[in-house]
Each structure stands twice: as C-alpha cells, then as structure tokens.
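Participant: Got a structure for you, target-v5.cif, holding mmCIF, C-alpha atoms.
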```cif
data_target
#
loop_
_atom_site.label_atom_id
_atom_site.label_comp_id
_atom_site.auth_asym_id
_atom_site.auth_seq_id
_atom_site.Cartn_x
_atom_site.Cartn_y
_atom_site.Cartn_z
CA MET A 181 -54.73 25.94 44.37
CA ARG A 182 -51.86 23.54 44.87
CA ILE A 183 -48.20 24.21 45.65
CA THR A 184 -46.18 22.56 42.91
CA ALA A 185 -42.64 23.56 43.87
CA VAL A 186 -40.70 25.64 46.38
CA ARG A 187 -37.30 26.91 45.30
CA GLU A 188 -34.76 28.65 47.49
CA ARG A 189 -31.19 29.83 47.35
CA THR A 190 -28.67 31.61 49.52
CA ILE A 191 -27.32 34.94 48.34
CA GLU A 192 -24.40 37.06 49.49
CA LEU A 193 -25.10 40.30 51.36
CA SER A 194 -21.45 40.92 52.20
CA SER A 195 -20.50 44.48 53.08
CA ALA A 196 -17.26 45.89 54.46
CA THR A 197 -18.98 47.42 57.49
CA ARG A 198 -19.50 46.52 61.14
CA ASN A 199 -21.49 47.49 64.21
CA SER A 200 -20.60 46.91 67.87
CA SER A 201 -21.67 43.26 67.61
CA ILE A 202 -20.84 41.79 64.20
CA SER A 203 -19.10 42.36 60.88
CA PHE A 204 -21.09 42.04 57.67
CA ASP A 205 -18.18 40.74 55.61
CA ALA A 206 -19.73 37.27 55.14
CA MET A 207 -23.42 38.02 55.67
CA THR A 208 -25.89 35.91 53.68
CA ALA A 209 -29.67 35.75 53.23
CA SER A 210 -32.28 33.44 51.72
CA VAL A 211 -34.56 33.98 48.73
CA VAL A 212 -37.68 31.86 48.19
CA ALA A 213 -40.20 31.27 45.39
CA VAL A 214 -43.38 29.25 46.00
CA HIS A 215 -44.84 27.93 42.72
CA THR A 216 -48.48 26.93 42.27
CA ASP A 217 -50.68 25.40 39.59
CA ALA A 218 -52.66 28.65 39.30
CA ARG A 219 -52.26 31.47 36.81
CA THR A 220 -53.09 35.16 36.96
CA ASN A 221 -53.09 37.58 34.04
CA GLY A 222 -51.84 34.71 31.91
CA LYS A 223 -48.76 34.09 34.06
CA PRO A 224 -47.96 31.39 36.63
CA LEU A 225 -48.84 32.47 40.16
CA VAL A 226 -45.62 32.49 42.23
CA GLY A 227 -45.10 33.84 45.75
CA LEU A 228 -41.76 35.49 46.48
CA ALA A 229 -39.81 36.35 49.61
CA PHE A 230 -36.50 37.98 50.45
CA ASP A 231 -34.88 37.48 53.85
CA SER A 232 -34.18 40.00 56.58
CA ILE A 233 -30.60 40.92 57.50
CA GLY A 234 -28.28 39.96 60.33
CA ARG A 235 -29.05 36.24 60.83
CA TYR A 236 -27.65 34.59 57.68
CA GLY A 237 -29.55 32.33 55.26
CA HIS A 238 -31.92 29.54 56.31
CA GLY A 239 -31.30 27.07 53.48
CA GLY A 240 -30.65 23.99 55.61
CA LEU A 241 -33.86 24.27 57.63
CA LEU A 242 -35.89 25.18 54.55
CA ARG A 243 -34.67 22.15 52.60
CA GLU A 244 -34.71 19.61 55.42
CA ARG A 245 -37.95 20.42 57.27
CA PHE A 246 -40.26 23.16 56.16
CA ILE A 247 -40.34 22.90 52.38
CA PRO A 248 -40.84 19.09 52.52
CA ARG A 249 -43.80 19.53 54.89
CA LEU A 250 -45.51 21.97 52.55
CA MET A 251 -44.85 19.79 49.52
CA ALA A 252 -46.11 16.63 51.26
CA ALA A 253 -49.33 18.22 52.54
CA ASP A 254 -52.71 17.60 50.96
CA PRO A 255 -53.76 20.90 49.28
CA GLY A 256 -56.89 20.80 51.40
CA ALA A 257 -54.72 21.29 54.49
CA TYR A 258 -53.68 24.79 53.40
CA SER A 259 -56.71 25.77 51.27
CA ASP A 260 -58.65 28.93 52.12
CA GLY A 261 -61.85 27.25 50.94
CA HIS A 262 -62.19 29.61 47.99
CA GLY A 263 -59.60 28.25 45.59
CA GLY A 264 -56.62 29.99 47.20
CA ILE A 265 -54.00 29.31 49.88
CA ASP A 266 -54.57 30.41 53.47
CA PRO A 267 -51.23 31.54 55.00
CA HIS A 268 -52.52 30.73 58.50
CA ARG A 269 -53.36 27.14 57.60
CA ALA A 270 -50.10 26.74 55.67
CA TRP A 271 -48.24 28.02 58.73
CA ALA A 272 -49.85 25.27 60.81
CA VAL A 273 -48.71 22.70 58.23
CA MET A 274 -45.11 23.94 58.45
CA MET A 275 -45.12 23.88 62.25
CA LYS A 276 -46.56 20.38 62.60
CA ASP A 277 -44.55 18.29 65.11
CA GLU A 278 -42.44 21.30 66.16
CA LYS A 279 -42.07 21.52 69.94
CA PRO A 280 -42.96 24.82 71.66
CA GLY A 281 -40.12 27.01 72.86
CA GLY A 282 -36.50 26.85 71.78
CA HIS A 283 -37.33 28.83 68.69
CA GLY A 284 -33.79 29.24 67.40
CA GLU A 285 -33.30 29.77 63.68
CA ARG A 286 -36.45 27.94 62.59
CA SER A 287 -38.43 31.16 63.08
CA GLY A 288 -36.54 32.71 60.17
CA ALA A 289 -37.06 29.71 57.88
CA VAL A 290 -40.80 29.61 58.58
CA GLY A 291 -40.92 33.41 58.24
CA MET A 292 -39.45 33.16 54.74
CA LEU A 293 -42.13 30.76 53.55
CA ASP A 294 -44.84 32.73 55.34
CA ALA A 295 -43.75 35.89 53.50
CA ALA A 296 -43.89 34.13 50.13
CA LEU A 297 -47.36 32.78 50.92
CA TRP A 298 -48.65 36.25 51.80
CA ASP A 299 -47.17 37.59 48.56
CA LEU A 300 -49.01 34.76 46.83
CA ALA A 301 -52.29 35.56 48.62
CA ALA A 302 -52.08 39.22 47.64
CA LYS A 303 -51.35 38.41 44.01
CA SER A 304 -54.22 35.92 43.96
CA ALA A 305 -56.53 38.70 45.19
CA ASP A 306 -54.96 41.14 42.68
CA LEU A 307 -54.07 43.49 45.54
CA PRO A 308 -50.88 45.01 46.89
CA LEU A 309 -49.91 43.21 50.06
CA TRP A 310 -50.42 46.31 52.21
CA ARG A 311 -54.02 46.60 51.03
CA LEU A 312 -54.74 42.89 51.62
CA LEU A 313 -53.41 43.21 55.16
CA ALA A 314 -55.45 46.36 55.72
CA LYS A 315 -58.64 44.68 54.55
CA ARG A 316 -58.12 41.56 56.65
CA HIS A 317 -56.28 42.74 59.73
CA GLY A 318 -55.98 46.53 59.71
CA ALA A 319 -58.06 49.47 58.56
CA ALA A 320 -59.21 49.14 54.96
CA SER A 321 -58.09 52.02 52.75
CA ALA A 322 -59.80 53.27 49.62
CA GLY A 323 -56.71 54.90 48.13
CA GLU A 324 -54.46 53.46 45.44
CA HIS A 325 -51.33 54.32 47.41
CA ALA A 326 -50.20 54.14 51.04
CA LYS A 327 -47.92 56.67 52.72
CA ILE A 328 -45.86 55.53 55.71
CA ALA A 329 -43.33 57.17 58.04
CA ILE A 330 -39.80 55.79 57.60
CA TYR A 331 -36.30 56.19 59.00
CA CYS A 332 -33.03 55.30 57.32
CA SER A 333 -30.57 53.12 59.16
CA GLY A 334 -26.82 53.05 58.70
CA GLY A 335 -23.87 54.73 60.33
CA HIS A 336 -21.84 51.51 60.50
CA TYR A 337 -18.17 51.77 61.33
CA ARG A 338 -15.63 51.97 58.53
CA ALA A 339 -11.98 51.00 58.72
CA SER A 340 -10.95 54.39 57.28
CA ASN A 341 -12.49 57.84 56.81
CA ASP A 342 -15.26 56.80 59.18
CA VAL A 343 -16.68 60.20 60.16
CA GLU A 344 -16.31 61.65 56.68
CA GLY A 345 -18.06 58.67 55.14
CA LEU A 346 -20.83 58.85 57.74
CA CYS A 347 -21.49 62.51 56.96
CA ASP A 348 -21.53 61.78 53.24
CA ASP A 349 -24.13 59.06 53.87
CA ILE A 350 -26.32 61.43 55.90
CA ARG A 351 -26.13 64.21 53.31
CA ARG A 352 -27.00 61.76 50.54
CA ALA A 353 -29.98 60.46 52.51
CA ILE A 354 -31.20 64.00 53.16
CA GLY A 355 -31.05 64.61 49.44
CA GLN A 356 -33.20 61.51 48.91
CA GLY A 357 -35.95 62.89 51.15
CA HIS A 358 -35.15 61.36 54.55
CA ARG A 359 -35.67 63.16 57.86
CA ARG A 360 -35.05 60.41 60.43
CA PHE A 361 -31.69 58.68 60.83
CA LYS A 362 -30.11 55.94 62.95
CA ILE A 363 -26.39 55.35 63.44
CA LYS A 364 -24.33 52.81 65.38
CA ILE A 365 -22.74 53.26 68.79
CA GLY A 366 -20.60 51.01 70.98
CA GLY A 367 -18.16 49.93 68.29
CA ALA A 368 -15.76 52.68 69.31
CA SER A 369 -14.99 54.52 72.54
CA LEU A 370 -17.64 56.75 74.10
CA ALA A 371 -15.59 59.82 73.15
CA GLU A 372 -15.35 58.68 69.54
CA ASP A 373 -19.07 57.93 69.42
CA ILE A 374 -19.91 61.38 70.78
CA LYS A 375 -17.71 62.89 68.09
CA ARG A 376 -19.71 60.97 65.46
CA ILE A 377 -23.01 62.08 67.03
CA ASP A 378 -21.90 65.73 67.24
CA THR A 379 -20.81 65.65 63.63
CA VAL A 380 -24.10 64.17 62.43
CA PHE A 381 -26.13 66.75 64.36
CA GLY A 382 -24.04 69.36 62.60
CA VAL A 383 -25.25 67.99 59.26
CA LEU A 384 -28.91 67.53 60.14
CA GLU A 385 -31.41 70.26 59.33
CA ARG A 386 -34.16 71.70 61.51
CA GLY A 387 -36.87 69.17 62.36
CA MET A 388 -34.71 66.12 61.60
CA ALA A 389 -34.14 63.32 64.13
CA LEU A 390 -31.24 61.05 65.11
CA ALA A 391 -31.40 57.68 66.89
CA VAL A 392 -28.47 55.52 68.03
CA ASP A 393 -28.09 51.72 68.09
CA GLY A 394 -25.88 49.70 70.46
CA ASN A 395 -26.69 46.27 68.98
CA GLY A 396 -27.12 44.60 72.36
CA THR A 397 -23.50 44.63 73.50
CA PHE A 398 -23.43 47.00 76.52
CA ASP A 399 -23.24 45.95 80.15
CA ARG A 400 -24.98 47.95 82.87
CA ALA A 401 -22.10 50.33 83.59
CA LYS A 402 -21.49 51.13 79.93
CA THR A 403 -25.19 51.68 79.29
CA LEU A 404 -25.54 54.10 82.19
CA SER A 405 -22.42 55.95 81.08
CA TYR A 406 -23.83 56.42 77.58
CA LEU A 407 -27.25 57.43 78.92
CA GLU A 408 -25.70 60.06 81.18
CA THR A 409 -23.53 61.47 78.39
CA LEU A 410 -26.45 61.53 75.93
CA LYS A 411 -28.77 63.43 78.30
CA PRO A 412 -28.16 66.84 76.66
CA TYR A 413 -28.79 65.50 73.16
CA PRO A 414 -32.23 65.30 71.48
CA ILE A 415 -31.83 61.57 70.79
CA ALA A 416 -34.95 60.10 69.13
CA TRP A 417 -34.25 56.74 70.77
CA ILE A 418 -31.44 54.51 71.96
CA GLU A 419 -31.74 51.06 70.46
CA GLU A 420 -30.75 47.76 72.06
CA PRO A 421 -27.92 48.92 74.30
CA VAL A 422 -28.14 45.71 76.41
CA HIS A 423 -28.56 42.02 75.62
CA PRO A 424 -31.97 41.46 73.98
CA LEU A 425 -32.96 38.65 76.38
CA ASP A 426 -31.91 40.35 79.63
CA PHE A 427 -35.30 41.79 80.56
CA ASP A 428 -34.22 42.55 84.12
CA LEU A 429 -31.37 44.73 82.87
CA HIS A 430 -33.73 46.44 80.43
CA ARG A 431 -36.04 47.34 83.29
CA ASP A 432 -33.13 48.59 85.40
CA VAL A 433 -31.56 50.95 82.84
CA ILE A 434 -34.84 52.15 81.33
CA ALA A 435 -36.00 53.30 84.76
CA GLN A 436 -32.96 55.58 84.96
CA SER A 437 -33.41 57.43 81.67
CA ALA A 438 -35.97 59.64 79.97
CA ILE A 439 -34.53 58.79 76.55
CA PRO A 440 -36.87 56.54 74.55
CA PHE A 441 -35.69 52.95 74.16
CA ALA A 442 -36.19 50.68 71.16
CA THR A 443 -35.78 46.92 71.29
CA GLY A 444 -37.21 43.59 70.15
CA GLU A 445 -35.46 43.00 66.83
CA ASN A 446 -33.64 39.97 68.23
CA LEU A 447 -36.72 38.35 69.78
CA PHE A 448 -38.18 35.92 67.30
CA SER A 449 -41.45 34.66 68.74
CA ARG A 450 -44.69 35.66 70.39
CA ASP A 451 -43.40 34.01 73.57
CA ASP A 452 -40.34 36.25 73.82
CA ALA A 453 -42.27 39.35 72.79
CA ARG A 454 -44.83 38.70 75.51
CA ASN A 455 -42.08 38.31 78.14
CA LEU A 456 -40.50 41.58 77.03
CA LEU A 457 -43.84 43.34 77.53
CA ARG A 458 -44.29 41.75 80.95
CA TYR A 459 -40.80 42.15 82.40
CA GLY A 460 -38.75 44.59 80.30
CA GLY A 461 -39.95 47.82 81.89
CA LEU A 462 -40.80 49.43 78.56
CA ARG A 463 -42.94 52.58 78.54
CA LYS A 464 -46.02 52.71 76.33
CA ASP A 465 -45.80 56.48 75.79
CA ARG A 466 -42.32 56.62 74.23
CA ASP A 467 -40.54 53.30 73.65
CA LEU A 468 -40.50 51.38 70.35
CA LEU A 469 -41.01 47.67 69.64
CA GLN A 470 -38.91 46.39 66.74
CA PHE A 471 -39.86 42.72 66.30
CA ASP A 472 -38.53 41.57 62.92
CA ILE A 473 -41.53 40.15 61.05
CA SER A 474 -39.55 38.02 58.62
CA LEU A 475 -37.35 36.50 61.34
CA SER A 476 -40.26 35.98 63.77
CA TYR A 477 -42.20 33.24 61.96
CA GLY A 478 -43.71 35.80 59.58
CA ILE A 479 -46.95 37.74 59.45
CA VAL A 480 -49.05 34.97 61.02
CA GLU A 481 -47.01 35.15 64.24
CA TYR A 482 -46.72 38.93 64.08
CA LEU A 483 -50.52 39.23 64.12
CA ARG A 484 -50.50 37.26 67.37
CA ILE A 485 -47.87 39.62 68.76
CA LEU A 486 -50.14 42.56 67.87
CA ASP A 487 -52.98 40.87 69.76
CA ASP A 488 -50.73 40.68 72.82
CA LEU A 489 -49.74 44.33 72.44
CA ASP A 490 -53.39 45.27 72.46
CA ALA A 491 -53.97 43.16 75.58
CA HIS A 492 -51.10 45.00 77.33
CA GLY A 493 -52.39 48.43 76.31
CA TRP A 494 -49.84 49.21 73.58
CA THR A 495 -50.83 50.97 70.37
CA ARG A 496 -49.64 49.84 66.97
CA GLU A 497 -48.00 53.23 66.46
CA ARG A 498 -45.24 52.13 68.85
CA CYS A 499 -44.25 49.34 66.42
CA ALA A 500 -41.26 49.89 64.13
CA PRO A 501 -40.33 46.50 62.59
CA HIS A 502 -36.64 45.83 62.16
CA ALA A 503 -35.08 45.56 58.69
CA GLY A 504 -35.63 47.68 55.64
CA HIS A 505 -37.37 45.32 53.28
CA LEU A 506 -40.62 45.35 51.31
CA LEU A 507 -42.41 42.90 53.59
CA ALA A 508 -42.03 45.19 56.61
CA MET A 509 -43.03 48.27 54.61
CA ASN A 510 -46.23 46.55 53.47
CA ALA A 511 -46.94 45.48 57.06
CA VAL A 512 -46.44 49.01 58.38
CA ALA A 513 -48.86 50.36 55.78
CA GLY A 514 -51.46 47.61 56.02
CA LEU A 515 -51.45 47.02 59.77
CA GLY A 516 -51.23 50.65 60.84
CA LEU A 517 -47.77 50.45 62.43
CA GLY A 518 -45.74 53.49 63.34
CA LEU A 519 -42.48 53.39 61.42
CA ALA A 520 -40.59 51.42 58.77
CA GLU A 521 -36.83 51.02 58.44
CA VAL A 522 -34.89 51.38 55.19
CA ALA A 523 -31.17 51.13 54.55
CA MET A 524 -29.23 54.37 54.35
CA ASP A 525 -26.70 52.89 51.93
CA THR A 526 -28.62 52.18 48.72
CA SER A 527 -25.52 50.85 46.95
CA THR A 528 -25.72 47.52 48.83
CA LEU A 529 -28.07 44.76 47.71
CA PHE A 530 -30.17 45.13 50.84
CA GLY A 531 -30.37 48.88 50.32
CA LYS A 532 -31.45 48.44 46.72
CA LEU A 533 -34.54 46.48 47.80
CA THR A 534 -36.36 49.64 48.83
CA ALA A 535 -34.36 52.29 46.95
CA HIS A 536 -37.03 52.48 44.20
CA VAL A 537 -39.82 53.38 46.64
CA PRO A 538 -40.60 57.13 46.40
CA VAL A 539 -39.52 59.09 49.51
CA SER A 540 -40.47 62.66 50.41
CA ASP A 541 -40.22 64.54 53.69
CA GLY A 542 -39.54 61.39 55.71
CA SER A 543 -42.40 59.34 54.23
CA ALA A 544 -42.48 56.56 51.65
CA THR A 545 -45.32 55.89 49.23
CA LEU A 546 -46.25 52.31 48.36
CA GLY A 547 -47.99 51.62 45.05
CA SER A 548 -50.82 49.45 43.84
CA ALA A 549 -48.97 46.59 42.11
CA PRO A 550 -50.18 43.17 43.36
CA GLY A 551 -48.11 41.41 46.00
CA ALA A 552 -45.21 42.70 48.06
CA GLY A 553 -43.72 44.51 45.07
CA PHE A 554 -40.62 42.48 44.23
CA GLU A 555 -41.39 42.51 40.51
CA GLN A 556 -40.85 46.29 40.51
CA LEU A 557 -37.25 45.93 41.68
CA PRO A 558 -34.65 47.00 39.09
CA MET A 559 -32.59 43.92 40.06
CA PHE A 560 -35.58 41.53 40.09
CA SER A 561 -34.05 39.06 37.62
CA GLU A 562 -30.71 39.17 39.43
CA ILE A 563 -32.34 38.11 42.69
CA PHE A 564 -35.20 35.83 41.62
CA GLY A 565 -34.49 34.86 38.01
CA ASP A 566 -33.17 31.33 38.55
CA LEU A 567 -35.99 30.51 41.00
CA LEU A 568 -38.81 31.22 38.56
CA ASN A 569 -38.28 28.35 36.12
#
```
Could the structure of this file be written out as structure tokens, please?

Facilitator:
Amino acid sequence: MRITAVRERTIELSSATRNSSISFDAMTASVVAVHTDARTNGKPLVGLAFDSIGRYGHGGLLRERFIPRLMAADPGAYSDGHGGIDPHRAWAVMMKDEKPGGHGERSGAVGMLDAALWDLAAKSADLPLWRLLAKRHGAASAGEHAKIAIYCSGGHYRASNDVEGLCDDIRRAIGQGHRRFKIKIGGASLAEDIKRIDTVFGVLERGMALAVDGNGTFDRAKTLSYLETLKPYPIAWIEEPVHPLDFDLHRDVIAQSAIPFATGENLFSRDDARNLLRYGGLRKDRDLLQFDISLSYGIVEYLRILDDLDAHGWTRERCAPHAGHLLAMNAVAGLGLGLAEVAMDTSTLFGKLTAHVPVSDGSATLGSAPGAGFEQLPMFSEIFGDLLN
C-alpha cells in the first residue's frame, strides 16, 4: 500500500466560552485525510483524523515538515510487510531528523497523522479501531460492541446567566444518560466558584459525581485555599490546579490533600509523562493521568507512555485521556483505560463529534464500523468532504 496524497485543513472551533486560562472565541483545529492506492469494499482506502481541542490547528507544521516526509518516503519504509501501512514505521518516517526534547507543537502535528494512519490500519483490517487496538495492544474482545465509562466536561464561564446556563447544561446531560460531570474553577472568585459547585450538587442525583478543573492557573496559596474549602465536598477529582510543568508544586499540594488529582493533559511526550510520574507526587490509588493522545504524538507514543506506567506500577484504569473525541474513545475501549471524556455541550462542533455515540448510565457504547468511526458522524461531509477528492 502506498500513500498517494495527504490533505489537511484548519477549521473553526470558536465558542463564546472561557475557562480560567483561555477564551475559545478564536479556537481552531486541524482535519487530515491520508489517501492510498488501496481500495476496500469498492471504495478508496482513506485514513481520517480530527484534532483535539485547546492548542489550535497544526497546518504549518503539517505542510512544511511532516506531510512532505511521508510523501517522499519509499513505501517500503512504512510497510507492515503484509500489504498494509504500519503506523509505528510511518511514525519513524515522520520523526526522521527531529531532535529529542523541545517537543513544542510538533507533537500535535505528528499526532494528527498518526491518528489518520491508525484509522487507515483499522479500515484495512475491516475492524473498528478499538478492536484493532485490543487485538494488538490490549485485551482482545469477542463482542461486536465495546462499553466504556465516560464523563462529560463543560461548565465554562459565560458572560451572562452563568449559573443558570450551567444548571441547564447539567440537566440536559443527565437527560442524555450522563452520571459524571466536570466544571471549571478559577475563572471567578472562590466564593463564586463555590456557589456554582453548590448549585450543581443541588441538581445532581444520587450516585452522580462532580469534578472541577482549574486549567493550570493557580499558584500555591490559591490551590491550598481551594483545597481547604473543598474538603467537605465529595469532589471526584480536582484537575490541573497548578502549572502542568511544575512537578515540585504538584508534589507539594498533593501531599496536603486527600482529594484525587488529575493532570497530564498539557504534557505532550513520553519524556514529560515519565518526569511527572517520577517527580509529581501522584498517588496510584486515586489520581488520574490525562495525557492527550492526539496532542502527544499519537497512539504510537501513547503506547510507550503506557509501558512507562506499567514500569512505575500504575494500572491503565487510572488513565483518562483528555479531549472528547473518537480517537480517545477508541483508545479507552481498546487499551483498557479507565475513563473517556466527552463534551457536555453537544451544540458545538467538538461536542457533535461524539454526540451520536449511545450513552446510558454513564457509559458509552462503541459500534463495529471499521476505523475510528468518523463516517458515522451526521456532519461527516461538512468536516471531511473537501478532503476526500
């Protein structure tokens, strides 16, 4: 199999919301299609990928470095030896002549192409991506469907009617079958945030859970103030209160709280993940690791991160990949991870990406269609149409 073309474009994800760190008014993302000379079921075999959220599109790096390397490579360099494409070998092609360290934004560009190549590999095997991952790197399943635990993420700050809108979002998500929720903190005063938390707990039903997310903006004093105030609350976890790369501060504040911590979504390499495990003070019995697969060089690198987790005594159940997209949901199902994230607001483009997946009692069910499942999206042509020709 030979790669004949790679097409990409930047799309708008703009939303009139904010967290404690950024506004999403001008947020963008990348979409990729990897074309090959193969056909399946009478149709051209094309691998597709949709970006994560929060880091903008990767078009410049894709066009200038990583797509040209794939296109210039001899097909034998990325062949799996059986007529298909090996994502691991293709990853090595993309990373040729890239210096170690200083990962920057290239991890997201490589992750986009990696995701499309795994979609391609699953379609070539006529398997859903979750099943391909289970067979190769997880626990093979005999069923036609996979059920995974999920939580819905939202609770961003609004310019007006903030608390009312937040409660409406939670009620709507409950009606859709969700039982786990995450909302933002730190973008308002502590008193205002506690009012939001109290109000949400007033909406939640028995057995439901609430987590809070600081988006990496708190200093030590603010973190300890929030942790002290949140002590009486049954908080499922507090996410990224401090800067994602300040491992010493992580260790300091974690040692002073019984509340579970979640972090890792803004660490984009095996190197940084390994340092977090070594120096961040995280606890294997309660804390969550949220490395974003798409932004962290893709599945190939994420498998290496899982190897390091095993070496440090962590179980895969403590993994809850950041971002509510189909790639992460397939990885959670196929690799035996603990939790997947979906967007609470299904009216946004990013929320629509997983809105069609059946949800019941806090679990989502993935189907048996080959690949990551983009072709099942109601807005498939809107997102990928101009990349398929």

Participant: Between A:Leu300, A:Leu533, A:Ile415, A:Leu346, which one has atoms that come closest to Thr379 (chain A), using all atoms listed in the file?

Facilitator: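 Nearest candidate to Thr379 (chain A) out of A:Leu300, A:Leu533, A:Ile415, A:Leu346: A:Leu346.
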
Participant: So, counting all atoms listed in the file, which residue among A:Phe560, A:Phe230, A:Phe427, A:Tyr459 is closest to Gly504 (chain A)?

Facilitator: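 So, comparing all the options, the nearest one is A:Phe230.
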
Participant: If the PyMOL selection byres ((chain A and resi 284-298) around 6) is run on the structure shown, which residues does it catch, given as an NGL selection string?

Facilitator: :A and (227-229 or 238 or 242 or 267 or 282-283 or 299-301 or 474-478)

Participant: Using only C-alpha atoms, collect all residues at a distance of at most 6 Å from (-46.6, 31.2, 44.5) as written in the file, then present them as an mmCIF file with C-alpha atoms, keeping the file's coordinate frame.

Facilitator:
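Produced file out.cif, reproduced below:
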```cif
data_model
loop_
_atom_site.group_PDB
_atom_site.id
_atom_site.type_symbol
_atom_site.label_atom_id
_atom_site.label_comp_id
_atom_site.auth_asym_id
_atom_site.auth_seq_id
_atom_site.Cartn_x
_atom_site.Cartn_y
_atom_site.Cartn_z
ATOM 1 C CA VAL A 214 -43.380 29.250 46.000
ATOM 2 C CA HIS A 215 -44.840 27.930 42.720
ATOM 3 C CA THR A 216 -48.480 26.930 42.270
ATOM 4 C CA LEU A 225 -48.840 32.470 40.160
ATOM 5 C CA VAL A 226 -45.620 32.490 42.230
ATOM 6 C CA GLY A 227 -45.100 33.840 45.750
ATOM 7 C CA LEU A 300 -49.010 34.760 46.830
#
```

Participant: Restricting the calculation to only C-alpha atoms: of A:Ala209, A:Ala272, A:Ala389, A:Met524, which residue gets closest to Ser259 (chain A)?

Facilitator: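 The closest residue to Ser259 (chain A) is A:Ala272.
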
Participant: Which residues, protein or nucleic acid, reach to within 12 Å of (-31.8, 50.6, 49.3) in the file's coordinates when using only C-alpha atoms, and can you give that as a ChimeraX atom specification?

Facilitator: /A:332-334,353,356,503-506,521-539,557-559

Participant: Need the shell around Lys411 (chain A): protein/DNA/RNA residues with any atom at most 9 Å away, counting only C-alpha atoms. Skip same-chain ones fewer than 4 positions apart. Format as a PyMOL selection string?

Facilitator: chain A and resi 406-407+415+437-439

Participant: Any chance you could export the current selection's C-alpha atoms as a PDB file, keeping the file's coordinate frame?

Facilitator:
```
ATOM      1  CA  TYR A 406     -23.830  56.420  77.580  1.00  0.00           C
ATOM      2  CA  LEU A 407     -27.250  57.430  78.920  1.00  0.00           C
ATOM      3  CA  ILE A 415     -31.830  61.570  70.790  1.00  0.00           C
ATOM      4  CA  SER A 437     -33.410  57.430  81.670  1.00  0.00           C
ATOM      5  CA  ALA A 438     -35.970  59.640  79.970  1.00  0.00           C
ATOM      6  CA  ILE A 439     -34.530  58.790  76.550  1.00  0.00           C
TER       7      ILE A 439
END
```

Participant: Give me the residues within 12 Å of Arg359 (chain A) as a PyMOL selection string, counting only C-alpha atoms and dropping any in the same chain fewer than 3 places off.

Facilitator: chain A and resi 329-333+350-356+362+383-391+416+524+539-544

Participant: Specify as a ChimeraX atom specification each residue included when the PyMOL selection byres ((chain A and resi 253) around 10) is applied to this file.

Facilitator: /A:182-183,248-252,254-258,270,273-274

Participant: Between CA of Glu419 (chain A) and CA of Ala442 (chain A), measure the distance and give it in Å to one decimal.

Facilitator: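 If I compute the distance from CA of Glu419 (chain A) to CA of Ala442 (chain A), I get 4.5 Å.
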
Participant: Between CA of Asp488 (chain A) and CA of Ala511 (chain A), what distance in Å does the model show, to one decimal?

Facilitator: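 Value for the CA of Asp488 (chain A)-CA of Ala511 (chain A) distance: 16.9 Å.
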
Participant: Any chance you could build region 493-511 of chain A out to N, CA and C atoms and write it as an mmCIF file, keeping the file's coordinate frame?

Facilitator:
```cif
data_model
loop_
_atom_site.group_PDB
_atom_site.id
_atom_site.type_symbol
_atom_site.label_atom_id
_atom_site.label_comp_id
_atom_site.auth_asym_id
_atom_site.auth_seq_id
_atom_site.Cartn_x
_atom_site.Cartn_y
_atom_site.Cartn_z
ATOM 1 N N GLY A 493 -52.138 46.993 76.393
ATOM 2 C CA GLY A 493 -52.390 48.430 76.310
ATOM 3 C C GLY A 493 -51.455 49.208 75.416
ATOM 4 N N TRP A 494 -50.715 48.526 74.531
ATOM 5 C CA TRP A 494 -49.840 49.210 73.580
ATOM 6 C C TRP A 494 -50.614 49.538 72.310
ATOM 7 N N THR A 495 -50.250 50.638 71.671
ATOM 8 C CA THR A 495 -50.830 50.970 70.370
ATOM 9 C C THR A 495 -49.895 50.514 69.264
ATOM 10 N N ARG A 496 -50.455 50.282 68.101
ATOM 11 C CA ARG A 496 -49.640 49.840 66.970
ATOM 12 C C ARG A 496 -48.649 50.915 66.516
ATOM 13 N N GLU A 497 -48.913 52.159 66.846
ATOM 14 C CA GLU A 497 -48.000 53.230 66.460
ATOM 15 C C GLU A 497 -46.632 53.106 67.119
ATOM 16 N N ARG A 498 -46.528 52.320 68.187
ATOM 17 C CA ARG A 498 -45.240 52.130 68.850
ATOM 18 C C ARG A 498 -44.428 51.024 68.191
ATOM 19 N N CYS A 499 -44.938 50.426 67.121
ATOM 20 C CA CYS A 499 -44.250 49.340 66.420
ATOM 21 C C CYS A 499 -43.430 49.880 65.256
ATOM 22 N N ALA A 500 -42.162 49.500 65.213
ATOM 23 C CA ALA A 500 -41.260 49.890 64.130
ATOM 24 C C ALA A 500 -40.444 48.667 63.740
ATOM 25 N N PRO A 501 -40.994 47.783 62.901
ATOM 26 C CA PRO A 501 -40.330 46.500 62.590
ATOM 27 C C PRO A 501 -38.908 46.680 62.090
ATOM 28 N N HIS A 502 -38.029 45.817 62.592
ATOM 29 C CA HIS A 502 -36.640 45.830 62.160
ATOM 30 C C HIS A 502 -36.538 45.407 60.687
ATOM 31 N N ALA A 503 -35.523 45.931 60.039
ATOM 32 C CA ALA A 503 -35.080 45.560 58.690
ATOM 33 C C ALA A 503 -35.826 46.301 57.601
ATOM 34 N N GLY A 504 -35.039 46.877 56.701
ATOM 35 C CA GLY A 504 -35.630 47.680 55.640
ATOM 36 C C GLY A 504 -35.946 46.878 54.410
ATOM 37 N N HIS A 505 -36.989 46.074 54.473
ATOM 38 C CA HIS A 505 -37.370 45.320 53.280
ATOM 39 C C HIS A 505 -38.845 45.534 52.963
ATOM 40 N N LEU A 506 -39.271 45.076 51.801
ATOM 41 C CA LEU A 506 -40.620 45.350 51.310
ATOM 42 C C LEU A 506 -41.693 44.704 52.175
ATOM 43 N N LEU A 507 -41.409 43.541 52.746
ATOM 44 C CA LEU A 507 -42.410 42.900 53.590
ATOM 45 C C LEU A 507 -42.770 43.799 54.760
ATOM 46 N N ALA A 508 -41.774 44.333 55.447
ATOM 47 C CA ALA A 508 -42.030 45.190 56.610
ATOM 48 C C ALA A 508 -42.743 46.464 56.189
ATOM 49 N N MET A 509 -42.367 47.047 55.052
ATOM 50 C CA MET A 509 -43.030 48.270 54.610
ATOM 51 C C MET A 509 -44.504 48.020 54.333
ATOM 52 N N ASN A 510 -44.824 46.893 53.712
ATOM 53 C CA ASN A 510 -46.230 46.550 53.470
ATOM 54 C C ASN A 510 -46.973 46.335 54.785
ATOM 55 N N ALA A 511 -46.310 45.712 55.761
ATOM 56 C CA ALA A 511 -46.940 45.480 57.060
ATOM 57 C C ALA A 511 -47.196 46.789 57.786
#
```
